[in-house]
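Data from upload-v9.txt: compact mmCIF, C-alpha atoms
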```txt
# COMPACT_ATOMS: atom_id res chain seq x y z
CA MET O 185 -54.96 -61.01 -136.41
CA ARG O 186 -53.04 -58.74 -134.03
CA GLU O 187 -50.16 -56.80 -135.56
CA GLU O 188 -46.70 -57.18 -134.03
CA GLY O 189 -46.14 -54.62 -131.29
CA GLU O 190 -49.84 -53.90 -130.84
CA ASN O 191 -50.93 -53.74 -127.21
CA PRO O 192 -53.51 -56.53 -126.68
CA PHE O 193 -54.68 -54.90 -123.45
CA GLU O 194 -55.87 -51.78 -125.27
CA GLY O 195 -57.85 -53.99 -127.65
CA ALA O 196 -59.33 -55.84 -124.68
CA LYS O 197 -60.50 -52.56 -123.17
CA GLU O 198 -62.23 -51.58 -126.43
CA ARG O 199 -64.08 -54.91 -126.66
CA LEU O 200 -65.16 -54.83 -123.02
CA GLN O 201 -66.27 -51.20 -123.25
CA GLU O 202 -68.31 -52.12 -126.32
CA LEU O 203 -69.97 -54.86 -124.26
CA LEU O 204 -70.72 -52.41 -121.44
CA LYS O 205 -72.12 -49.89 -123.90
CA GLU O 206 -74.53 -52.48 -125.30
CA VAL O 207 -75.76 -53.43 -121.82
CA LYS O 208 -76.20 -49.76 -120.90
CA ARG O 209 -78.59 -49.34 -123.82
CA VAL O 210 -81.02 -51.29 -121.64
CA ILE O 211 -79.82 -50.63 -118.08
CA VAL O 212 -79.93 -47.05 -116.82
CA GLY O 213 -77.27 -46.31 -114.20
CA GLN O 214 -75.87 -49.17 -112.08
CA ASP O 215 -72.39 -48.53 -113.52
CA LEU O 216 -70.67 -50.06 -110.48
CA LEU O 217 -72.76 -53.24 -110.67
CA LEU O 218 -72.11 -53.69 -114.39
CA GLU O 219 -68.37 -53.16 -113.96
CA ARG O 220 -68.21 -55.64 -111.08
CA MET O 221 -70.15 -58.20 -113.12
CA LEU O 222 -67.46 -58.03 -115.80
CA VAL O 223 -64.71 -58.24 -113.17
CA ALA O 224 -66.29 -61.43 -111.82
CA LEU O 225 -66.61 -62.90 -115.32
CA LEU O 226 -62.98 -62.14 -116.20
CA ALA O 227 -61.65 -63.36 -112.85
CA GLY O 228 -63.76 -66.53 -112.94
CA GLY O 229 -65.53 -65.70 -109.68
CA HIS O 230 -69.10 -65.35 -108.45
CA LEU O 231 -71.01 -62.25 -107.42
CA LEU O 232 -73.34 -61.59 -104.49
CA ILE O 233 -75.68 -58.65 -105.05
CA GLU O 234 -77.54 -56.98 -102.21
CA GLY O 235 -80.28 -54.44 -102.85
CA VAL O 236 -83.95 -53.76 -102.38
CA PRO O 237 -86.41 -55.06 -105.01
CA GLY O 238 -86.92 -53.12 -108.22
CA LEU O 239 -83.33 -52.06 -108.93
CA ALA O 240 -83.02 -53.99 -112.24
CA LYS O 241 -80.68 -56.65 -110.85
CA THR O 242 -82.38 -59.44 -112.82
CA LEU O 243 -82.57 -57.35 -115.98
CA ALA O 244 -78.87 -56.47 -115.74
CA VAL O 245 -77.83 -60.15 -115.58
CA LYS O 246 -80.20 -61.16 -118.39
CA THR O 247 -79.02 -58.31 -120.63
CA LEU O 248 -75.37 -59.20 -120.06
CA ALA O 249 -76.09 -62.83 -120.99
CA GLU O 250 -77.80 -61.74 -124.21
CA ALA O 251 -74.90 -59.44 -125.14
CA LEU O 252 -72.57 -62.43 -124.68
CA GLY O 253 -74.78 -64.92 -126.49
CA GLY O 254 -74.74 -67.14 -123.40
CA ARG O 255 -77.43 -69.20 -121.72
CA PHE O 256 -79.20 -67.41 -118.90
CA LYS O 257 -81.30 -69.06 -116.20
CA ARG O 258 -83.11 -67.54 -113.26
CA ILE O 259 -84.06 -69.53 -110.17
CA GLN O 260 -86.35 -68.06 -107.54
CA PHE O 261 -85.12 -69.54 -104.28
CA THR O 262 -87.87 -70.51 -101.84
CA PRO O 263 -87.91 -72.46 -98.53
CA ASP O 264 -89.48 -75.51 -100.21
CA LEU O 265 -86.82 -75.78 -102.94
CA VAL O 266 -84.93 -79.10 -103.11
CA PRO O 267 -81.51 -79.77 -104.71
CA ALA O 268 -83.11 -81.60 -107.68
CA ASP O 269 -84.95 -78.38 -108.64
CA LEU O 270 -81.55 -76.79 -109.12
CA LEU O 271 -79.26 -79.58 -110.30
CA GLY O 272 -81.58 -81.97 -112.11
CA THR O 273 -82.65 -85.52 -111.32
CA ARG O 274 -82.76 -89.14 -112.49
CA VAL O 275 -85.98 -90.02 -114.33
CA TYR O 276 -87.26 -93.60 -114.65
CA ASN O 277 -88.70 -94.74 -117.99
CA PRO O 278 -91.10 -97.62 -117.16
CA LYS O 279 -91.53 -98.59 -120.82
CA GLU O 280 -87.82 -99.27 -121.34
CA GLY O 281 -86.99 -99.97 -117.71
CA THR O 282 -84.10 -97.50 -117.76
CA PHE O 283 -83.10 -94.29 -116.02
CA SER O 284 -82.14 -91.06 -117.78
CA THR O 285 -80.81 -87.80 -116.36
CA GLU O 286 -82.68 -84.52 -116.71
CA LEU O 287 -80.22 -81.68 -116.16
CA GLY O 288 -81.46 -78.75 -114.10
CA PRO O 289 -81.35 -74.98 -114.71
CA ILE O 290 -77.91 -74.69 -113.13
CA PHE O 291 -76.44 -75.72 -116.50
CA ALA O 292 -76.23 -72.17 -117.80
CA HIS O 293 -73.46 -69.65 -118.40
CA LEU O 294 -75.04 -67.01 -116.18
CA LEU O 295 -77.20 -68.24 -113.32
CA LEU O 296 -79.26 -65.77 -111.34
CA ALA O 297 -79.95 -67.17 -107.87
CA ASP O 298 -82.72 -64.80 -106.79
CA GLU O 299 -83.03 -64.31 -103.03
CA ILE O 300 -80.48 -67.01 -102.33
CA ASN O 301 -80.90 -66.65 -98.57
CA ARG O 302 -84.42 -68.13 -98.83
CA ALA O 303 -83.02 -71.55 -99.78
CA PRO O 304 -82.62 -74.28 -97.12
CA ALA O 305 -79.24 -75.77 -96.20
CA LYS O 306 -79.38 -78.73 -98.63
CA VAL O 307 -79.91 -76.45 -101.64
CA GLN O 308 -77.15 -74.10 -100.52
CA SER O 309 -74.82 -77.08 -100.11
CA ALA O 310 -75.61 -78.31 -103.64
CA LEU O 311 -74.96 -74.85 -105.04
CA LEU O 312 -71.67 -74.66 -103.13
CA GLU O 313 -70.25 -77.69 -105.00
CA ALA O 314 -71.20 -76.15 -108.31
CA MET O 315 -69.62 -72.80 -107.42
CA GLN O 316 -66.38 -74.29 -106.14
CA GLU O 317 -65.86 -77.39 -108.30
CA ARG O 318 -67.64 -76.21 -111.48
CA GLN O 319 -69.39 -79.56 -111.62
CA VAL O 320 -72.61 -81.22 -110.49
CA THR O 321 -73.08 -84.75 -109.15
CA ILE O 322 -76.40 -86.49 -109.87
CA GLY O 323 -76.54 -90.06 -108.61
CA ARG O 324 -73.20 -91.63 -109.49
CA GLU O 325 -72.49 -89.36 -112.45
CA THR O 326 -70.60 -86.07 -112.43
CA TYR O 327 -71.40 -83.46 -115.06
CA PRO O 328 -69.12 -80.48 -115.80
CA LEU O 329 -70.77 -77.08 -115.93
CA PRO O 330 -70.46 -74.93 -119.06
CA LYS O 331 -67.67 -72.38 -119.47
CA PRO O 332 -67.90 -69.64 -118.45
CA PHE O 333 -70.09 -70.31 -115.42
CA LEU O 334 -71.06 -67.42 -113.19
CA VAL O 335 -73.46 -67.37 -110.26
CA LEU O 336 -75.01 -64.00 -109.53
CA ALA O 337 -76.94 -64.29 -106.29
CA THR O 338 -79.23 -61.62 -104.88
CA GLN O 339 -80.20 -60.85 -101.30
CA ASN O 340 -82.97 -58.60 -100.04
CA PRO O 341 -81.61 -56.58 -97.07
CA ILE O 342 -85.00 -55.40 -95.78
CA GLU O 343 -86.73 -58.75 -95.30
CA SER O 344 -85.76 -61.45 -92.83
CA GLU O 345 -88.92 -63.59 -92.53
CA GLY O 346 -88.47 -67.04 -94.08
CA THR O 347 -84.76 -66.56 -94.77
CA TYR O 348 -81.73 -68.72 -93.96
CA PRO O 349 -78.47 -66.84 -93.30
CA LEU O 350 -75.78 -67.96 -95.73
CA PRO O 351 -73.00 -69.92 -93.99
CA GLU O 352 -69.59 -68.23 -93.90
CA ALA O 353 -68.11 -71.05 -96.03
CA GLN O 354 -70.51 -70.21 -98.85
CA LEU O 355 -70.13 -66.45 -98.50
CA ASP O 356 -66.38 -66.94 -98.81
CA ARG O 357 -66.90 -68.51 -102.27
CA PHE O 358 -68.24 -65.26 -103.68
CA LEU O 359 -65.48 -63.20 -105.25
CA LEU O 360 -67.30 -59.92 -104.57
CA LYS O 361 -70.37 -58.60 -102.83
CA VAL O 362 -71.89 -55.50 -104.42
CA VAL O 363 -74.40 -53.31 -102.61
CA VAL O 364 -76.81 -51.78 -105.14
CA ASP O 365 -78.25 -48.40 -104.17
CA TYR O 366 -81.25 -46.46 -105.45
CA PRO O 367 -80.77 -44.64 -108.78
CA ALA O 368 -80.06 -40.91 -108.89
CA PHE O 369 -82.93 -38.51 -109.72
CA HIS O 370 -82.05 -38.08 -113.40
CA GLU O 371 -81.52 -41.85 -113.78
CA GLU O 372 -84.89 -42.68 -112.26
CA LEU O 373 -86.56 -40.05 -114.44
CA GLN O 374 -84.97 -41.65 -117.52
CA ILE O 375 -86.23 -45.08 -116.39
CA VAL O 376 -89.78 -43.76 -116.00
CA GLU O 377 -89.74 -42.02 -119.39
CA ARG O 378 -88.33 -45.09 -121.16
CA MET O 379 -90.74 -47.57 -119.57
CA THR O 380 -93.86 -45.39 -120.05
CA ARG O 381 -92.99 -45.03 -123.74
CA GLY O 382 -92.73 -48.82 -123.99
CA GLU O 383 -89.13 -48.70 -125.24
CA ALA O 384 -87.39 -52.05 -125.17
CA PRO O 385 -84.11 -51.95 -127.11
CA GLU O 386 -83.09 -55.25 -128.68
CA VAL O 387 -79.81 -56.51 -127.32
CA ARG O 388 -77.31 -57.69 -129.90
CA GLU O 389 -74.46 -60.09 -129.27
CA VAL O 390 -71.27 -58.02 -129.22
CA LEU O 391 -68.86 -60.48 -127.61
CA SER O 392 -68.86 -64.25 -128.04
CA LEU O 393 -68.26 -66.66 -125.19
CA GLU O 394 -65.01 -67.76 -126.86
CA GLU O 395 -63.80 -64.14 -126.90
CA LEU O 396 -64.77 -63.75 -123.26
CA LEU O 397 -62.78 -66.85 -122.30
CA ALA O 398 -59.80 -65.49 -124.24
CA LEU O 399 -60.08 -62.18 -122.39
CA SER O 400 -60.28 -64.09 -119.11
CA ARG O 401 -57.03 -65.86 -119.98
CA LEU O 402 -55.50 -62.50 -120.90
CA SER O 403 -56.48 -61.08 -117.50
CA ARG O 404 -54.33 -63.74 -115.84
CA GLN O 405 -51.33 -62.31 -117.70
CA VAL O 406 -51.79 -58.88 -116.12
CA TYR O 407 -48.66 -58.09 -114.15
CA VAL O 408 -48.90 -57.63 -110.38
CA HIS O 409 -45.91 -55.91 -108.81
CA PRO O 410 -44.81 -57.46 -105.48
CA LYS O 411 -45.65 -54.19 -103.71
CA VAL O 412 -49.22 -54.35 -105.06
CA ALA O 413 -49.60 -57.93 -103.82
CA GLU O 414 -48.10 -56.97 -100.45
CA HIS O 415 -50.57 -54.10 -100.17
CA ALA O 416 -53.49 -56.46 -100.80
CA VAL O 417 -52.27 -58.90 -98.16
CA GLU O 418 -51.59 -56.21 -95.54
CA LEU O 419 -55.12 -54.84 -95.99
CA VAL O 420 -56.62 -58.30 -95.50
CA GLN O 421 -54.36 -59.08 -92.53
CA ALA O 422 -55.50 -55.86 -90.90
CA THR O 423 -58.98 -57.39 -90.54
CA ARG O 424 -57.51 -60.25 -88.47
CA LYS O 425 -55.31 -58.08 -86.25
CA PRO O 426 -57.22 -54.81 -86.19
CA GLU O 427 -56.16 -51.63 -84.43
CA THR O 428 -57.22 -51.14 -80.82
CA GLU O 429 -60.19 -48.98 -81.86
CA LEU O 430 -61.54 -51.59 -84.31
CA ARG O 431 -60.82 -54.72 -82.27
CA PRO O 432 -64.13 -54.70 -80.30
CA TYR O 433 -66.11 -54.68 -83.56
CA LEU O 434 -64.49 -57.63 -85.37
CA ALA O 435 -65.00 -61.20 -84.17
CA PHE O 436 -63.21 -62.81 -87.13
CA GLY O 437 -61.30 -61.33 -90.06
CA ALA O 438 -61.14 -62.38 -93.69
CA SER O 439 -59.56 -65.64 -94.89
CA PRO O 440 -56.72 -65.92 -97.46
CA ARG O 441 -59.45 -66.23 -100.13
CA ALA O 442 -59.93 -62.49 -99.62
CA SER O 443 -56.31 -61.81 -100.63
CA LEU O 444 -56.74 -64.01 -103.71
CA ALA O 445 -60.00 -62.26 -104.59
CA LEU O 446 -58.34 -58.85 -104.28
CA VAL O 447 -55.41 -59.73 -106.54
CA GLN O 448 -57.49 -61.66 -109.11
CA GLY O 449 -60.10 -58.91 -109.14
CA ALA O 450 -57.44 -56.22 -109.48
CA LYS O 451 -56.02 -58.00 -112.54
CA ALA O 452 -59.48 -58.17 -114.14
CA LEU O 453 -60.18 -54.53 -113.30
CA ALA O 454 -56.83 -53.48 -114.78
CA LEU O 455 -57.69 -55.30 -118.02
CA LEU O 456 -61.09 -53.60 -118.07
CA ARG O 457 -59.25 -50.28 -117.78
CA GLY O 458 -56.87 -51.18 -120.62
CA ARG O 459 -53.72 -51.81 -118.61
CA ALA O 460 -51.22 -54.66 -118.64
CA TYR O 461 -50.46 -54.11 -114.96
CA ALA O 462 -52.42 -53.78 -111.73
CA LEU O 463 -52.12 -50.69 -109.56
CA PRO O 464 -52.67 -50.26 -105.82
CA GLU O 465 -55.77 -48.22 -106.79
CA ASP O 466 -57.29 -51.33 -108.40
CA VAL O 467 -56.86 -53.22 -105.13
CA ARG O 468 -58.30 -50.36 -103.09
CA ASP O 469 -61.27 -49.88 -105.44
CA LEU O 470 -62.27 -53.53 -104.90
CA PHE O 471 -61.39 -53.73 -101.20
CA LYS O 472 -64.90 -53.21 -99.79
CA ASP O 473 -66.56 -55.38 -102.44
CA ALA O 474 -64.10 -58.22 -101.80
CA LEU O 475 -64.27 -58.14 -97.99
CA ARG O 476 -67.64 -56.83 -96.77
CA HIS O 477 -69.15 -60.34 -96.84
CA ARG O 478 -66.12 -62.05 -95.33
CA LEU O 479 -66.04 -60.24 -91.99
CA VAL O 480 -67.77 -61.61 -88.90
CA LEU O 481 -68.84 -58.67 -86.78
CA SER O 482 -69.02 -58.77 -83.00
CA TYR O 483 -72.20 -58.30 -80.97
CA GLN O 484 -70.93 -54.84 -80.04
CA ALA O 485 -70.76 -53.84 -83.71
CA LEU O 486 -74.30 -55.13 -84.30
CA ALA O 487 -75.58 -53.36 -81.18
CA GLU O 488 -73.99 -50.04 -82.16
CA GLY O 489 -75.00 -50.33 -85.80
CA VAL O 490 -71.41 -50.37 -87.08
CA GLY O 491 -71.35 -51.99 -90.53
CA PRO O 492 -68.49 -53.69 -92.38
CA ASP O 493 -68.04 -50.79 -94.84
CA ALA O 494 -67.25 -48.34 -92.05
CA LEU O 495 -64.63 -50.70 -90.61
CA LEU O 496 -63.07 -51.33 -94.02
CA GLU O 497 -62.92 -47.61 -94.70
CA ARG O 498 -60.94 -47.14 -91.48
CA ILE O 499 -58.48 -49.82 -92.60
CA LEU O 500 -58.01 -48.11 -95.98
CA GLU O 501 -57.25 -44.84 -94.19
CA ALA O 502 -54.67 -46.58 -91.97
CA PHE O 503 -52.80 -48.13 -94.93
CA PRO O 504 -52.02 -45.61 -97.70
CA PRO O 505 -51.20 -47.01 -101.18
CA PRO O 506 -47.51 -47.75 -101.82
CA PHE O 507 -45.48 -46.08 -104.55
CA VAL O 508 -44.92 -48.44 -107.49
CA PRO O 509 -42.51 -47.42 -110.32
CA LEU O 510 -43.83 -48.29 -113.77
CA ARG O 511 -42.54 -49.08 -117.22
CA ASP O 512 -44.33 -50.43 -120.32
CA PRO O 513 -43.39 -53.56 -122.34
CA TYR O 514 -44.88 -51.83 -125.40
CA GLY O 515 -42.52 -48.90 -125.25
CA ASP O 516 -44.26 -46.21 -123.17
CA ALA O 517 -44.75 -45.52 -119.48
CA ARG O 518 -47.95 -47.47 -118.95
CA GLY O 519 -46.91 -51.10 -118.57
CA PRO O 520 -46.05 -53.49 -115.76
CA ALA O 521 -44.27 -52.24 -112.73
CA ALA O 522 -40.52 -52.54 -113.04
CA GLU O 523 -38.67 -54.50 -110.47
CA ALA O 524 -36.81 -52.20 -108.08
```

Rewrite the structure of this file - the entire thing - as structure tokens.
Amino acid sequence: MREEGENPFEGAKERLQELLKEVKRVIVGQDLLLERMLVALLAGGHLLIEGVPGLAKTLAVKTLAEALGGRFKRIQFTPDLVPADLLGTRVYNPKEGTFSTELGPIFAHLLLADEINRAPAKVQSALLEAMQERQVTIGRETYPLPKPFLVLATQNPIESEGTYPLPEAQLDRFLLKVVVDYPAFHEELQIVERMTRGEAPEVREVLSLEELLALSRLSRQVYVHPKVAEHAVELVQATRKPETELRPYLAFGASPRASLALVQGAKALALLRGRAYALPEDVRDLFKDALRHRLVLSYQALAEGVGPDALLERILEAFPPPFVPLRDPYGDARGPAAEA
């Protein structure tokens, strides 16, 4: 029971940091990925992960599910996959002359869609309904997905044979896209030493799904000053009406979902950092992750090897963070931004 006057956001930070600490007992490095996974969980969004094989993407998702006590399922997407392999199907019982429904692996709290760009259009369409509507339709029946429900999809950036580019409509449904890089020297050395010794720490449940849902609701109460929201929108709008230097490289900018993702993600990130208010820095920290998959680059950008991150970095430089005065509802100078 929380005492009167106690800051619930500080308590939320402690619980979330405890969860991160437990996951890091298994995962070496990948701090950015783990933080963004929690941001997606708290904001109720989905995560697209891009990285070469062997960077512990699957292990990170599985470990997080175990630390939450949630159901984890992994689906290896292949060109011959059909929607029933993902959603489930109707099964006929000839003895009783009746049909029953066998639910598919999508009915999990954390779903790892491995190499999602290998799935054909019908499977991607079926997954899109689940991501957006949080429900699955099999025959004439509609089945709600469990809460929380998070899709973590991976893409391999170095292989294109047998892949189907994800449509922009589906990419737009991902809250964030995280690019996972190789580990640093000391991190890779630690991985080698741990694996050659056969160490496999047991993961304990440190946060229940009910607590996670409560923290997700708390993240929605994080205060966003109008100037912070305006900053998020002006950054997104800059991708639609870019400066003269950037205009040849951008065919289409980000949709309003990008602005929503920035603000919702900033609220979740603020909670993770123990604050009851979002700062412009929270928006800027998530800017590349929230927009790199929402831009449509021109042929000139592709020909010159100009990637989305470079363009987004230029936009950040062109729009410095605004000054936001702060005051705290709990009596110090750390709380929601005061109205001017």

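Between atom CA of O:Tyr483 and atom CA of O:Tyr433 lies a distance of 7.5 Å.
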
Can I get the residues of stretch 294-352 of chain O within 12 Å of stretch 212-235 of chain O, each with the closest pair of atoms and their distance in Å to one decimal, using only C-alpha atoms, sorted chain first then ascending number, as a tab-separated table?
```
residue	atom	partner	partner_atom	distance
O:Leu294	CA	O:Leu225	CA	9.4
O:Leu295	CA	O:His230	CA	9.9
O:Leu296	CA	O:Leu231	CA	9.8
O:Ala297	CA	O:Leu232	CA	9.3
O:Asp298	CA	O:Ile233	CA	9.5
O:Glu299	CA	O:Glu234	CA	9.2
O:Ile300	CA	O:Leu232	CA	9.2
O:Asn301	CA	O:Leu232	CA	10.9
O:Leu311	CA	O:His230	CA	11.7
O:Leu312	CA	O:His230	CA	11.0
O:Ala314	CA	O:His230	CA	11.0
O:Met315	CA	O:His230	CA	7.5
O:Gln316	CA	O:Gly229	CA	9.3
O:Glu317	CA	O:Gly229	CA	11.8
O:Arg318	CA	O:Gly228	CA	10.5
O:Lys331	CA	O:Gly228	CA	9.6
O:Pro332	CA	O:Leu225	CA	7.5
O:Phe333	CA	O:Gly228	CA	7.8
O:Leu334	CA	O:His230	CA	5.5
O:Val335	CA	O:His230	CA	5.1
O:Leu336	CA	O:Leu231	CA	4.8
O:Ala337	CA	O:Leu232	CA	4.8
O:Thr338	CA	O:Ile233	CA	4.6
O:Gln339	CA	O:Glu234	CA	4.8
O:Asn340	CA	O:Gly235	CA	5.7
O:Pro341	CA	O:Gly235	CA	6.3
O:Ile342	CA	O:Gly235	CA	8.6
O:Glu343	CA	O:Gly235	CA	10.8
O:Leu350	CA	O:Leu232	CA	11.1
```

Using all atoms listed in the file, give me every residue within 12 Å of (-55.4, -63.3, -113.4) in file coordinates, as an MDAnalysis selection string. chainID O and resid 223:229 398:408 444:455 460:462

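For the set O:Pro492, O:Thr321, O:Pro426, O:Ala413, the residue with the smallest atom-to-atom gap to O:Asp466 is O:Ala413, counting only C-alpha atoms.
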
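Between atom CA of O:Ala310 and atom CA of O:Glu286 the interatomic distance comes to 16.1 Å.
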
Excluding O:Arg274 and residues on its chain fewer than 3 positions from it, collect all residues at most 12 Å away from it, counting all atoms listed in the file, and give them as a PDB file with C-alpha atoms, in the frame of the given file.
```
ATOM      1  CA  ALA O 268     -83.110 -81.600-107.680  1.00  0.00           C
ATOM      2  CA  ASP O 269     -84.950 -78.380-108.640  1.00  0.00           C
ATOM      3  CA  LEU O 271     -79.260 -79.580-110.300  1.00  0.00           C
ATOM      4  CA  ASN O 277     -88.700 -94.740-117.990  1.00  0.00           C
ATOM      5  CA  THR O 282     -84.100 -97.500-117.760  1.00  0.00           C
ATOM      6  CA  PHE O 283     -83.100 -94.290-116.020  1.00  0.00           C
ATOM      7  CA  SER O 284     -82.140 -91.060-117.780  1.00  0.00           C
ATOM      8  CA  THR O 285     -80.810 -87.800-116.360  1.00  0.00           C
ATOM      9  CA  GLU O 286     -82.680 -84.520-116.710  1.00  0.00           C
ATOM     10  CA  LEU O 287     -80.220 -81.680-116.160  1.00  0.00           C
ATOM     11  CA  GLY O 288     -81.460 -78.750-114.100  1.00  0.00           C
ATOM     12  CA  THR O 321     -73.080 -84.750-109.150  1.00  0.00           C
ATOM     13  CA  ILE O 322     -76.400 -86.490-109.870  1.00  0.00           C
ATOM     14  CA  GLY O 323     -76.540 -90.060-108.610  1.00  0.00           C
ATOM     15  CA  ARG O 324     -73.200 -91.630-109.490  1.00  0.00           C
ATOM     16  CA  GLU O 325     -72.490 -89.360-112.450  1.00  0.00           C
TER      17      GLU O 325
END
```
